[in-house]
file target-v9.txt (compact mmCIF, C-alpha atoms)
# COMPACT_ATOMS: atom_id res chain seq x y z
CA MET E 1 6.22 -2.47 41.48
CA SER E 2 5.24 -0.35 44.53
CA LYS E 3 2.03 1.70 44.75
CA ALA E 4 4.07 4.90 45.02
CA ARG E 5 6.08 4.06 41.89
CA ARG E 6 2.88 3.20 39.94
CA ARG E 7 1.39 6.55 41.01
CA VAL E 8 4.50 8.42 39.78
CA ASP E 9 4.41 6.55 36.47
CA SER E 10 0.73 7.39 36.17
CA TRP E 11 1.43 11.11 36.81
CA ILE E 12 4.19 11.10 34.21
CA ALA E 13 1.93 9.42 31.66
CA THR E 14 -0.90 11.84 32.42
CA GLY E 15 1.51 14.78 32.28
CA LEU E 16 2.79 13.67 28.88
CA ALA E 17 -0.76 13.19 27.59
CA VAL E 18 -1.72 16.68 28.75
CA ALA E 19 1.44 18.14 27.21
CA ALA E 20 0.78 16.32 23.95
CA GLY E 21 -2.85 17.47 24.01
CA ALA E 22 -1.80 21.06 24.69
CA GLY E 23 0.77 20.84 21.89
CA LEU E 24 -1.82 19.53 19.51
CA THR E 25 -4.30 22.21 20.53
CA GLY E 26 -1.59 24.82 20.03
CA LEU E 27 -0.73 23.35 16.65
CA ILE E 28 -4.35 23.35 15.57
CA ALA E 29 -4.76 26.93 16.80
CA VAL E 30 -1.68 28.03 14.84
CA ARG E 31 -2.91 26.20 11.73
CA ALA E 32 -6.40 27.68 12.14
CA ALA E 33 -4.99 31.19 12.50
CA ASP E 34 -2.63 30.62 9.59
CA GLY E 35 -5.03 28.84 7.28
CA GLY E 36 -8.28 30.66 7.93
CA SER E 37 -11.11 28.62 6.47
CA ARG E 38 -8.86 26.13 4.66
CA ALA E 39 -9.32 22.42 5.41
CA GLN E 40 -7.08 20.87 8.05
CA PRO E 41 -4.19 18.73 6.74
CA GLY E 42 -5.87 15.63 8.16
CA GLU E 43 -9.07 16.42 6.26
CA ARG E 44 -7.14 17.07 3.06
CA ASP E 45 -5.28 13.77 3.42
CA ARG E 46 -8.52 11.97 4.13
CA ALA E 47 -10.25 13.54 1.12
CA GLU E 48 -7.29 12.65 -1.06
CA LEU E 49 -7.24 9.07 0.21
CA ASP E 50 -11.00 8.78 -0.33
CA GLY E 51 -10.61 10.06 -3.88
CA TYR E 52 -7.78 7.62 -4.47
CA ALA E 53 -9.82 4.71 -3.09
CA GLU E 54 -12.71 5.64 -5.40
CA GLN E 55 -10.34 5.78 -8.35
CA LEU E 56 -8.90 2.35 -7.54
CA THR E 57 -12.42 0.95 -7.22
CA ARG E 58 -13.37 2.37 -10.63
CA GLU E 59 -10.25 0.93 -12.24
CA ALA E 60 -10.80 -2.45 -10.60
CA ALA E 61 -14.34 -2.45 -12.01
CA ARG E 62 -13.03 -1.66 -15.50
CA LEU E 63 -10.51 -4.48 -15.18
CA GLN E 64 -13.22 -6.86 -14.00
CA ALA E 65 -15.45 -5.92 -16.96
CA TYR E 66 -12.52 -6.55 -19.32
CA ARG E 67 -11.91 -9.98 -17.75
CA GLN E 68 -15.59 -10.93 -17.93
CA GLU E 69 -15.74 -10.03 -21.63
CA LEU E 70 -12.51 -11.93 -22.26
CA ARG E 71 -13.91 -15.03 -20.52
CA ARG E 72 -17.12 -14.75 -22.58
CA VAL E 73 -15.15 -14.70 -25.84
CA ALA E 74 -12.92 -17.55 -24.66
CA ALA E 75 -15.97 -19.67 -23.79
CA GLU E 76 -17.47 -19.07 -27.24
CA LEU E 77 -14.22 -20.02 -28.93
CA ALA E 78 -13.83 -23.11 -26.75
CA ARG E 79 -17.03 -24.47 -28.31
CA GLY E 80 -15.08 -24.51 -31.58
CA GLU E 81 -18.01 -23.65 -33.86
CA ASP E 82 -16.14 -21.10 -35.94
CA ALA E 83 -13.50 -22.59 -38.21
CA ASP E 84 -12.95 -19.46 -40.34
CA THR E 85 -10.03 -17.30 -39.35
CA GLU E 86 -9.45 -13.67 -40.16
CA VAL E 87 -6.76 -11.13 -39.36
CA VAL E 88 -7.77 -7.89 -37.68
CA GLY E 89 -5.70 -4.79 -37.04
CA ARG E 90 -6.11 -1.89 -34.65
CA ILE E 91 -4.12 1.30 -34.45
CA ALA E 92 -4.51 3.50 -31.39
CA GLU E 93 -2.68 6.76 -31.81
CA GLU E 94 -1.46 8.75 -28.87
CA THR E 95 -3.06 12.15 -29.32
CA ARG E 96 -3.27 15.40 -27.41
CA PRO E 97 -5.33 18.52 -27.92
CA PRO E 98 -3.11 21.49 -28.96
CA GLY E 99 -1.30 23.11 -26.05
CA SER E 100 -2.09 20.38 -23.59
CA THR E 101 0.36 18.61 -21.31
CA GLY E 102 0.71 14.93 -20.61
CA GLU E 103 -2.28 15.05 -18.28
CA SER E 104 -4.74 14.95 -21.14
CA THR E 105 -3.05 12.13 -23.01
CA ARG E 106 -5.62 9.73 -24.35
CA LEU E 107 -5.94 7.05 -26.93
CA GLU E 108 -8.13 7.28 -29.99
CA ARG E 109 -8.90 4.42 -32.26
CA ASP E 110 -8.69 3.93 -35.95
CA THR E 111 -9.71 0.59 -37.28
CA ALA E 112 -8.35 -1.31 -40.23
CA THR E 113 -9.67 -4.77 -41.00
CA TYR E 114 -8.15 -7.21 -43.44
CA SER E 115 -9.79 -10.40 -44.58
CA SER E 116 -7.87 -13.62 -44.84
CA MET I 117 3.30 4.64 -23.16
CA GLY I 118 5.00 7.18 -25.31
CA GLY I 119 3.81 6.09 -28.72
CA ASP I 120 1.14 4.56 -30.89
CA LEU I 121 -0.34 1.16 -30.22
CA HIS I 122 -0.69 -1.35 -33.05
CA VAL I 123 -2.50 -4.64 -32.59
CA VAL I 124 -2.63 -7.35 -35.26
CA LEU I 125 -4.20 -10.69 -34.49
CA TRP I 126 -5.40 -13.85 -36.18
CA ALA I 127 -8.49 -15.37 -34.61
CA PRO I 128 -11.75 -17.11 -35.52
CA ARG I 129 -13.92 -14.71 -37.50
CA SER I 130 -16.66 -14.47 -34.86
CA ALA I 131 -14.26 -13.23 -32.18
CA ALA I 132 -11.41 -11.44 -33.95
CA GLU I 133 -12.91 -7.95 -33.77
CA ARG I 134 -13.82 -8.28 -30.10
CA LEU I 135 -10.40 -9.64 -29.17
CA ALA I 136 -8.68 -6.74 -30.94
CA ASP I 137 -10.90 -4.27 -29.06
CA LEU I 138 -10.15 -6.04 -25.78
CA ALA I 139 -6.42 -5.81 -26.45
CA VAL I 140 -6.72 -2.03 -26.84
CA ARG I 141 -8.84 -1.80 -23.67
CA ARG I 142 -6.25 -3.75 -21.71
CA ILE I 143 -3.43 -1.49 -22.81
CA GLU I 144 -5.51 1.55 -21.82
CA LEU I 145 -6.00 0.05 -18.35
CA LEU I 146 -2.28 -0.56 -17.95
CA GLU I 147 -1.51 2.95 -19.19
CA SER I 148 -3.82 4.53 -16.61
CA CYS I 149 -2.17 2.47 -13.85
CA TRP I 150 1.49 2.76 -14.85
CA SER I 151 1.94 6.12 -16.57
CA ARG I 152 4.22 8.59 -14.83
CA PHE I 153 2.78 11.30 -17.05
CA ARG I 154 -0.72 11.04 -15.56
CA SER I 155 -0.83 12.71 -12.17
CA GLY I 156 -3.62 10.41 -10.98
CA SER I 157 -2.00 7.16 -12.04
CA GLU I 158 -1.51 4.53 -9.39
CA LEU I 159 2.24 4.64 -10.04
CA ASN I 160 2.36 8.36 -9.27
CA ARG I 161 0.29 7.81 -6.13
CA LEU I 162 2.81 5.18 -5.05
CA ASN I 163 5.73 7.50 -5.80
CA ALA I 164 4.05 10.24 -3.74
CA ARG I 165 4.08 7.86 -0.75
CA ALA I 166 7.80 7.12 -0.89
CA GLY I 167 9.17 6.82 2.62
CA GLN I 168 5.75 6.09 4.16
CA GLY I 169 6.18 2.32 4.42
CA GLU I 170 4.13 -0.36 2.72
CA VAL I 171 1.51 0.87 0.27
CA GLU I 172 -1.25 -1.48 -0.85
CA VAL I 173 -1.19 -1.73 -4.64
CA SER I 174 -3.18 -3.36 -7.43
CA GLY I 175 -2.01 -6.61 -9.00
CA ASP I 176 -0.95 -4.76 -12.17
CA LEU I 177 1.20 -2.26 -10.28
CA ARG I 178 2.79 -5.04 -8.26
CA ARG I 179 3.64 -6.89 -11.49
CA LEU I 180 5.31 -3.74 -12.80
CA ALA I 181 7.36 -3.38 -9.60
CA VAL I 182 8.42 -7.03 -9.84
CA ALA I 183 9.45 -6.59 -13.50
CA CYS I 184 11.46 -3.46 -12.60
CA SER I 185 13.19 -5.38 -9.84
CA ASP I 186 13.88 -8.36 -12.13
CA ALA I 187 15.19 -6.08 -14.88
CA TYR I 188 17.51 -4.40 -12.38
CA ALA I 189 18.98 -7.75 -11.30
CA TRP I 190 19.07 -9.19 -14.84
CA SER I 191 20.92 -6.15 -16.22
CA GLY I 192 23.41 -5.90 -13.37
CA GLY I 193 21.94 -2.51 -12.40
CA ASP I 194 22.09 -0.90 -15.86
CA VAL I 195 18.29 -0.81 -16.00
CA ASP I 196 17.15 0.95 -12.87
CA ALA I 197 13.60 2.22 -12.36
CA THR I 198 14.77 4.49 -9.55
CA VAL I 199 16.24 6.65 -12.31
CA LEU I 200 13.16 8.88 -12.00
CA GLY I 201 15.10 11.43 -9.93
CA SER I 202 17.83 11.53 -12.60
CA MET I 203 15.22 12.12 -15.31
CA VAL I 204 13.56 14.93 -13.38
CA ALA I 205 16.98 16.52 -12.68
CA LEU I 206 17.62 16.39 -16.43
CA GLY I 207 14.39 18.26 -17.08
CA TYR I 208 12.33 15.27 -18.25
CA ALA I 209 9.74 15.78 -15.53
CA GLU I 210 6.61 15.76 -17.63
CA ASP I 211 5.83 14.08 -20.91
CA PHE I 212 8.18 14.90 -23.73
CA THR I 213 6.07 17.67 -25.27
CA SER I 214 6.61 19.71 -22.07
CA VAL I 215 10.31 18.97 -21.54
CA ALA I 216 11.77 22.05 -23.22
CA ALA I 217 9.59 24.38 -21.13
CA ALA I 218 10.61 22.62 -17.91
CA LEU I 219 14.36 22.71 -18.59
CA PRO I 220 16.16 23.56 -15.34
CA ALA I 221 18.63 26.45 -15.55
CA ALA I 222 21.38 24.60 -13.70
CA TRP I 223 21.58 20.89 -14.18
CA VAL I 224 23.18 18.73 -11.51
CA PRO I 225 23.36 15.04 -12.49
CA ARG I 226 21.64 12.83 -9.95
CA PRO I 227 22.65 9.14 -9.92
CA ALA I 228 19.90 6.59 -9.25
CA VAL I 229 19.89 4.83 -5.89
CA GLY I 230 19.09 1.31 -7.15
CA MET I 231 16.18 -1.04 -6.60
CA ASP I 232 17.62 -2.74 -3.51
CA GLY I 233 15.62 -0.49 -1.18
CA VAL I 234 12.31 -1.14 -2.95
CA ARG I 235 10.37 -3.81 -1.02
CA ILE I 236 7.66 -5.83 -2.74
CA GLY I 237 5.16 -7.77 -0.64
CA LEU I 238 2.24 -9.95 -1.63
CA ARG I 239 -0.03 -6.91 -2.08
CA THR I 240 2.24 -4.04 -1.17
CA VAL I 241 5.22 -2.04 -2.39
CA SER I 242 7.37 0.27 -0.30
CA ILE I 243 9.80 2.82 -1.70
CA PRO I 244 12.51 4.61 0.28
CA ALA I 245 12.05 8.31 0.99
CA GLY I 246 13.10 10.58 -1.85
CA VAL I 247 12.91 7.81 -4.44
CA GLY I 248 10.44 7.36 -7.31
CA LEU I 249 9.96 4.69 -9.93
CA ASP I 250 10.08 5.32 -13.68
CA PRO I 251 9.58 1.96 -15.40
CA GLY I 252 10.60 3.32 -18.84
CA GLY I 253 10.76 0.67 -21.54
CA VAL I 254 10.28 -2.16 -19.05
CA GLY I 255 6.65 -1.03 -18.71
CA LYS I 256 6.13 -1.14 -22.47
CA GLY I 257 7.67 -4.60 -22.72
CA LEU I 258 5.66 -5.93 -19.79
CA ALA I 259 2.44 -4.46 -21.21
CA GLY I 260 3.11 -6.32 -24.47
CA GLU I 261 3.70 -9.50 -22.51
CA ILE I 262 0.48 -9.19 -20.49
CA VAL I 263 -1.87 -8.31 -23.33
CA THR I 264 -0.54 -10.89 -25.78
CA ALA I 265 -0.68 -13.64 -23.12
CA GLU I 266 -4.26 -12.81 -22.08
CA ILE I 267 -5.62 -12.45 -25.62
CA ALA I 268 -3.82 -15.59 -26.82
CA ASP I 269 -5.18 -17.53 -23.83
CA ALA I 270 -8.67 -16.40 -24.77
CA GLY I 271 -8.32 -17.97 -28.22
CA ALA I 272 -6.34 -15.79 -30.65
CA ASP I 273 -4.23 -17.99 -32.95
CA ALA I 274 -1.45 -15.47 -33.39
CA MET I 275 -0.94 -11.91 -32.22
CA LEU I 276 1.42 -8.95 -32.51
CA VAL I 277 1.37 -5.89 -30.28
CA SER I 278 3.56 -2.88 -31.01
CA LEU I 279 3.87 -0.14 -28.40
CA GLY I 280 5.70 2.78 -29.92
CA GLY I 281 7.52 0.36 -32.25
CA ASP I 282 8.51 -2.17 -29.57
CA VAL I 283 6.95 -5.49 -30.47
CA VAL I 284 5.80 -8.66 -28.70
CA THR I 285 4.40 -11.61 -30.68
CA ARG I 286 2.61 -14.82 -29.68
CA GLY I 287 2.02 -17.65 -32.12
CA THR I 288 2.75 -17.74 -35.83
CA PRO I 289 0.34 -16.47 -38.51
CA PRO I 290 -1.40 -19.16 -40.57
CA GLY I 291 0.78 -20.51 -43.34
CA ALA I 292 3.80 -20.43 -41.02
CA ASP I 293 4.85 -17.05 -42.36
CA PRO I 294 7.02 -15.22 -39.83
CA TRP I 295 6.08 -11.85 -38.40
CA ARG I 296 8.13 -9.22 -40.23
CA VAL I 297 9.28 -6.11 -38.39
CA SER I 298 11.04 -3.27 -40.15
CA MET I 299 14.17 -1.83 -38.51
CA ARG I 300 15.08 1.76 -39.35
CA ASP I 301 18.26 3.79 -38.93
CA ASP I 302 17.62 6.88 -36.77
CA ARG I 303 20.96 8.39 -37.87
CA LEU I 304 19.59 9.03 -41.35
CA ALA I 305 17.19 11.90 -41.90
CA ALA I 306 14.86 9.65 -43.88
CA ARG I 307 15.06 6.90 -41.22
CA THR I 308 15.81 4.44 -43.99
CA GLU I 309 14.86 0.81 -43.47
CA VAL I 310 18.08 -1.10 -42.93
CA ARG I 311 16.77 -4.55 -42.17
CA VAL I 312 13.59 -6.60 -41.94
CA LEU I 313 13.55 -8.81 -38.86
CA GLU I 314 11.67 -12.08 -39.19
CA LEU I 315 10.20 -13.39 -35.94
CA LEU I 316 9.47 -17.10 -35.80
CA GLY I 317 8.38 -19.09 -32.80
CA ALA I 318 5.69 -19.13 -30.18
CA HIS I 319 6.80 -15.99 -28.37
CA ARG I 320 9.26 -13.29 -29.48
CA ALA I 321 9.97 -9.65 -28.73
CA VAL I 322 11.85 -6.80 -30.39
CA ALA I 323 12.76 -3.50 -28.75
CA THR I 324 14.72 -0.53 -29.99
CA SER I 325 16.29 2.09 -27.78
CA SER I 326 17.88 5.18 -29.30
CA THR I 327 19.67 8.25 -28.04
CA LEU I 328 18.73 10.08 -31.24
CA ARG I 329 15.08 10.55 -30.36
CA ARG I 330 13.65 12.54 -27.45
CA ARG I 331 16.55 14.94 -27.41
CA TRP I 332 16.52 18.41 -25.89
CA ALA I 333 19.22 20.97 -25.08
CA GLY I 334 21.99 18.54 -26.03
CA ARG I 335 20.54 15.83 -23.77
CA HIS I 336 18.61 12.65 -24.43
CA HIS I 337 16.32 10.39 -22.40
CA VAL I 338 18.50 7.28 -21.91
CA VAL I 339 20.34 7.73 -18.62
CA ASP I 340 23.20 5.76 -17.13
CA PRO I 341 21.78 5.18 -13.64
CA ARG I 342 25.23 5.18 -12.00
CA THR I 343 26.10 8.68 -13.18
CA GLY I 344 22.67 10.25 -13.71
CA ARG I 345 23.94 11.47 -17.08
CA PRO I 346 22.65 10.65 -20.58
CA THR I 347 24.55 7.67 -21.98
CA ASP I 348 27.62 8.36 -24.11
CA SER I 349 28.90 4.86 -24.84
CA GLY I 350 29.40 5.15 -28.59
CA ILE I 351 26.25 3.13 -29.33
CA VAL I 352 23.39 5.41 -30.36
CA GLN I 353 20.77 2.88 -31.37
CA ALA I 354 20.22 -0.71 -30.25
CA THR I 355 17.59 -3.12 -31.51
CA VAL I 356 17.36 -6.38 -29.57
CA VAL I 357 15.40 -9.57 -30.28
CA ALA I 358 14.67 -11.62 -27.15
CA ASP I 359 12.21 -14.12 -25.74
CA CYS I 360 10.29 -11.60 -23.64
CA GLY I 361 9.20 -7.98 -24.04
CA TRP I 362 10.72 -6.46 -20.93
CA ARG I 363 14.00 -8.36 -21.43
CA ALA I 364 14.27 -7.03 -25.01
CA GLU I 365 13.72 -3.52 -23.63
CA ALA I 366 16.22 -3.99 -20.83
CA ALA I 367 18.85 -5.45 -23.17
CA ALA I 368 18.52 -2.49 -25.56
CA THR I 369 19.16 -0.14 -22.63
CA VAL I 370 22.15 -2.21 -21.48
CA ALA I 371 23.63 -1.83 -24.97
CA LEU I 372 23.34 1.97 -24.83
CA VAL I 373 24.80 2.12 -21.32
CA ARG I 374 27.74 -0.27 -21.87
CA GLY I 375 28.50 0.34 -25.53
CA SER I 376 30.46 -2.34 -27.38
CA ALA I 377 31.30 -4.03 -24.06
CA CYS I 378 27.72 -5.35 -24.05
CA VAL I 379 28.29 -7.86 -26.87
CA GLY I 380 29.33 -10.80 -24.67
CA TRP I 381 26.58 -10.05 -22.16
CA LEU I 382 23.93 -10.06 -24.91
CA ALA I 383 25.25 -13.32 -26.39
CA ARG I 384 25.23 -15.06 -23.01
CA ARG I 385 21.56 -14.14 -22.58
CA GLY I 386 20.56 -15.46 -25.99
CA CYS I 387 19.68 -12.04 -27.41
CA THR I 388 20.20 -11.04 -31.04
CA ALA I 389 21.20 -7.39 -31.29
CA TYR I 390 21.71 -4.79 -34.02
CA LEU I 391 23.91 -2.02 -32.68
CA LEU I 392 24.54 1.29 -34.46
CA GLY I 393 27.51 3.52 -33.61
CA ALA I 394 27.50 7.28 -33.77
CA ALA I 395 29.19 7.57 -37.18
CA VAL I 396 26.61 8.16 -39.91
CA PRO I 397 27.07 5.72 -42.81
CA ARG I 398 27.87 7.18 -46.21
CA ALA I 399 25.06 7.07 -48.74
call {"tool": "encode", "arguments": {"input": "target-v9.txt", "output": "structure tokens"}}
result
Amino acid sequence: MSKARRRVDSWIATGLAVAAGAGLTGLIAVRAADGGSRAQPGERDRAELDGYAEQLTREAARLQAYRQELRRVAAELARGEDADTEVVGRIAEETRPPGSTGESTRLERDTATYSS
Amino acid sequence: MGGDLHVVLWAPRSAAERLADLAVRRIELLESCWSRFRSGSELNRLNARAGQGEVEVSGDLRRLAVACSDAYAWSGGDVDATVLGSMVALGYAEDFTSVAAALPAAWVPRPAVGMDGVRIGLRTVSIPAGVGLDPGGVGKGLAGEIVTAEIADAGADAMLVSLGGDVVTRGTPPGADPWRVSMRDDRLAARTEVRVLELLGAHRAVATSSTLRRRWAGRHHVVDPRTGRPTDSGIVQATVVADCGWRAEAAATVALVRGSACVGWLARRGCTAYLLGAAVPRA
């Protein structure tokens, strides 16, 4: 490729970068004028993603705690010291406070135990 | 998952209580990941990113996507998790207690697009733009599979989990008594017990799907994915016994979608089914 051609390509690339930068500045200015003190879309997305990541971390920790407890029980049972067996029942009813929507769905426990 | 959870398990006395509590905890974890009625669930976050390429997901959400894909293939497309758009068009956008308030004035049926466009990677799922997943009964069946497998592996001798009446069992209670599950007729006001199913064997599942529950404005919640309309096949209630929770759920849906034409399909897949037509039996 000739020097002259490389220079032209470089000008075009620079021109596009400037145009893109100007467009972005214009876009930000329009958004700022339109949105006042509201957070930029990028910030909102980032905050949402951060919140989501925190939620996934919390849920992974809950799952890990469940697995650790399950392994502990399994290890105790593997020692085979307890020959007695019993049957246990659990009922978890789906409940909602009056007037709520699905968002507040939760489980509550009622326990019934039966001996063998 | 749209109903009460019942756990019954046989286990050594020192561990039985803890295993039962762990089973409930596990279901709660799956519910918080998979529910489409919790805005912050991982499933809803995935649906919100439809059309944005691969989304990294947890192992549990990936398992759900795989089960939805398997159910779609196994049922020949009658069980289609991309039916979410059809359900929302019908007015079933939020959980059932809010459906009547959300009823759209003009209803335009929206057929599902099928699972072919849903890509599942080792740790990722991607959904085409404008598509969302609603696992429906497949989620309940898979949850029963997961929790019974994990608790049985930990040392429970026998276990039954019922999620809203759909049952998965592992092992046989001491004395070789079968698990007994009551089947009721939704066509009768008293929901009379019509049969007691006896489940024998290491691993069984029962699921019932009915067009007579979750009804609103002349509609119900079981949708034919090809038309986007509530099913109208002549079968109003199907109870299926199968070797796996999500397959029992999928087979019950196939019965409501296909009607009596499903009989050969069910037999070829080794399912036992109890199908009720629309006509109410005389007392």
call {"tool": "interface_residues", "arguments": {"input": "target-v9.txt", "of": "chain I", "to": "chain E", "cutoff": "8 Å", "atoms": "all atoms listed in the file", "output": "MDAnalysis selection string"}}
result
chainID I and resid 118:138 140:142 144:145 153:155 158 210:211 213:214 267 269:271
call {"tool": "closest_atom_pairs", "arguments": {"input": "target-v9.txt", "of": "segment 235-278 of chain I", "to": "segment 312-335 of chain I", "cutoff": "9 Å", "atoms": "all atoms listed in the file", "output": "Markdown table"}}
result
| residue | atom | partner | partner_atom | distance |
| --- | --- | --- | --- | --- |
| I:Gly253 | CA | I:Ser325 | CA | 8.5 |
| I:Gly257 | CA | I:Ala323 | CA | 8.0 |
| I:Gly260 | CA | I:Ala321 | CA | 8.7 |
| I:Glu261 | CA | I:Ala321 | CA | 8.8 |
| I:Ala274 | CA | I:Ala318 | CA | 8.6 |
call {"tool": "atom_distance", "arguments": {"input": "target-v9.txt", "atom1": "atom CA of Pro290 of chain I", "atom2": "atom CA of Thr264 of chain I"}}
result
17.0 Å
call {"tool": "residues_around", "arguments": {"input": "target-v9.txt", "residues": "Ala364 of chain I", "least_positions_apart": "4", "cutoff": "12 Å", "atoms": "all atoms listed in the file", "output": "number ranges by chain"}}
result
I: 187, 190-191, 195, 253-258, 260-261, 282-284, 320-325, 354-360, 368-371, 382, 385-390
call {"tool": "closest_residue", "arguments": {"input": "target-v9.txt", "among": "I:Val173, I:Pro227, I:Val338, I:Trp295", "to": "Glu365 of chain I", "atoms": "all atoms listed in the file"}}
result
I:Val338
call {"tool": "axis_aligned_box", "arguments": {"input": "target-v9.txt", "around": "segment 156-170 of chain I", "padding_each_side": "4 Å", "output": "lines of an AutoDock Vina configuration file"}}
result
center_x = 2.8
center_y = 5.0
center_z = -3.8
size_x = 20.8
size_y = 18.8
size_z = 24.5
call {"tool": "closest_residue", "arguments": {"input": "target-v9.txt", "among": "I:Gly344, I:Gly252, I:Gly230, I:Gly246", "to": "Gly192 of chain I", "atoms": "all atoms listed in the file"}}
result
I:Gly230
call {"tool": "atom_distance", "arguments": {"input": "target-v9.txt", "atom1": "atom CA of Arg239 of chain I", "atom2": "atom CA of Glu172 of chain I"}}
result
5.7 Å
call {"tool": "build_atoms", "arguments": {"input": "target-v9.txt", "residues": "segment 79-95 of chain E", "atoms": "N, CA and C atoms", "output": "PDB file, in the coordinates of the input"}}
result
ATOM      1  N   ARG E  79     -16.023 -23.583 -27.707  1.00  0.00           N
ATOM      2  CA  ARG E  79     -17.030 -24.470 -28.310  1.00  0.00           C
ATOM      3  C   ARG E  79     -16.610 -24.876 -29.724  1.00  0.00           C
ATOM      4  N   GLY E  80     -15.691 -24.114 -30.313  1.00  0.00           N
ATOM      5  CA  GLY E  80     -15.080 -24.510 -31.580  1.00  0.00           C
ATOM      6  C   GLY E  80     -16.017 -24.518 -32.772  1.00  0.00           C
ATOM      7  N   GLU E  81     -17.030 -23.638 -32.762  1.00  0.00           N
ATOM      8  CA  GLU E  81     -18.010 -23.650 -33.860  1.00  0.00           C
ATOM      9  C   GLU E  81     -17.540 -22.849 -35.068  1.00  0.00           C
ATOM     10  N   ASP E  82     -16.561 -22.004 -34.869  1.00  0.00           N
ATOM     11  CA  ASP E  82     -16.140 -21.100 -35.940  1.00  0.00           C
ATOM     12  C   ASP E  82     -14.768 -21.526 -36.460  1.00  0.00           C
ATOM     13  N   ALA E  83     -14.761 -22.111 -37.662  1.00  0.00           N
ATOM     14  CA  ALA E  83     -13.500 -22.590 -38.210  1.00  0.00           C
ATOM     15  C   ALA E  83     -12.802 -21.532 -39.063  1.00  0.00           C
ATOM     16  N   ASP E  84     -13.554 -20.512 -39.506  1.00  0.00           N
ATOM     17  CA  ASP E  84     -12.950 -19.460 -40.340  1.00  0.00           C
ATOM     18  C   ASP E  84     -12.072 -18.550 -39.498  1.00  0.00           C
ATOM     19  N   THR E  85     -10.946 -18.198 -40.059  1.00  0.00           N
ATOM     20  CA  THR E  85     -10.030 -17.300 -39.350  1.00  0.00           C
ATOM     21  C   THR E  85      -9.879 -16.017 -40.149  1.00  0.00           C
ATOM     22  N   GLU E  86      -9.756 -14.916 -39.459  1.00  0.00           N
ATOM     23  CA  GLU E  86      -9.450 -13.670 -40.160  1.00  0.00           C
ATOM     24  C   GLU E  86      -8.391 -12.908 -39.357  1.00  0.00           C
ATOM     25  N   VAL E  87      -7.738 -11.974 -40.038  1.00  0.00           N
ATOM     26  CA  VAL E  87      -6.760 -11.130 -39.360  1.00  0.00           C
ATOM     27  C   VAL E  87      -7.358  -9.742 -39.190  1.00  0.00           C
ATOM     28  N   VAL E  88      -7.201  -9.199 -38.006  1.00  0.00           N
ATOM     29  CA  VAL E  88      -7.770  -7.890 -37.680  1.00  0.00           C
ATOM     30  C   VAL E  88      -6.654  -6.999 -37.156  1.00  0.00           C
ATOM     31  N   GLY E  89      -6.701  -5.746 -37.528  1.00  0.00           N
ATOM     32  CA  GLY E  89      -5.700  -4.790 -37.040  1.00  0.00           C
ATOM     33  C   GLY E  89      -6.345  -3.634 -36.327  1.00  0.00           C
ATOM     34  N   ARG E  90      -5.666  -3.099 -35.355  1.00  0.00           N
ATOM     35  CA  ARG E  90      -6.110  -1.890 -34.650  1.00  0.00           C
ATOM     36  C   ARG E  90      -4.918  -0.956 -34.504  1.00  0.00           C
ATOM     37  N   ILE E  91      -5.161   0.303 -34.715  1.00  0.00           N
ATOM     38  CA  ILE E  91      -4.120   1.300 -34.450  1.00  0.00           C
ATOM     39  C   ILE E  91      -4.702   2.309 -33.480  1.00  0.00           C
ATOM     40  N   ALA E  92      -4.059   2.503 -32.362  1.00  0.00           N
ATOM     41  CA  ALA E  92      -4.510   3.500 -31.390  1.00  0.00           C
ATOM     42  C   ALA E  92      -3.408   4.539 -31.286  1.00  0.00           C
ATOM     43  N   GLU E  93      -3.708   5.722 -31.785  1.00  0.00           N
ATOM     44  CA  GLU E  93      -2.680   6.760 -31.810  1.00  0.00           C
ATOM     45  C   GLU E  93      -2.726   7.561 -30.518  1.00  0.00           C
ATOM     46  N   GLU E  94      -1.541   7.877 -30.023  1.00  0.00           N
ATOM     47  CA  GLU E  94      -1.460   8.750 -28.870  1.00  0.00           C
ATOM     48  C   GLU E  94      -1.702  10.172 -29.354  1.00  0.00           C
ATOM     49  N   THR E  95      -2.722  10.808 -28.824  1.00  0.00           N
ATOM     50  CA  THR E  95      -3.060  12.150 -29.320  1.00  0.00           C
ATOM     51  C   THR E  95      -3.221  13.109 -28.150  1.00  0.00           C
TER      52      THR E  95
END
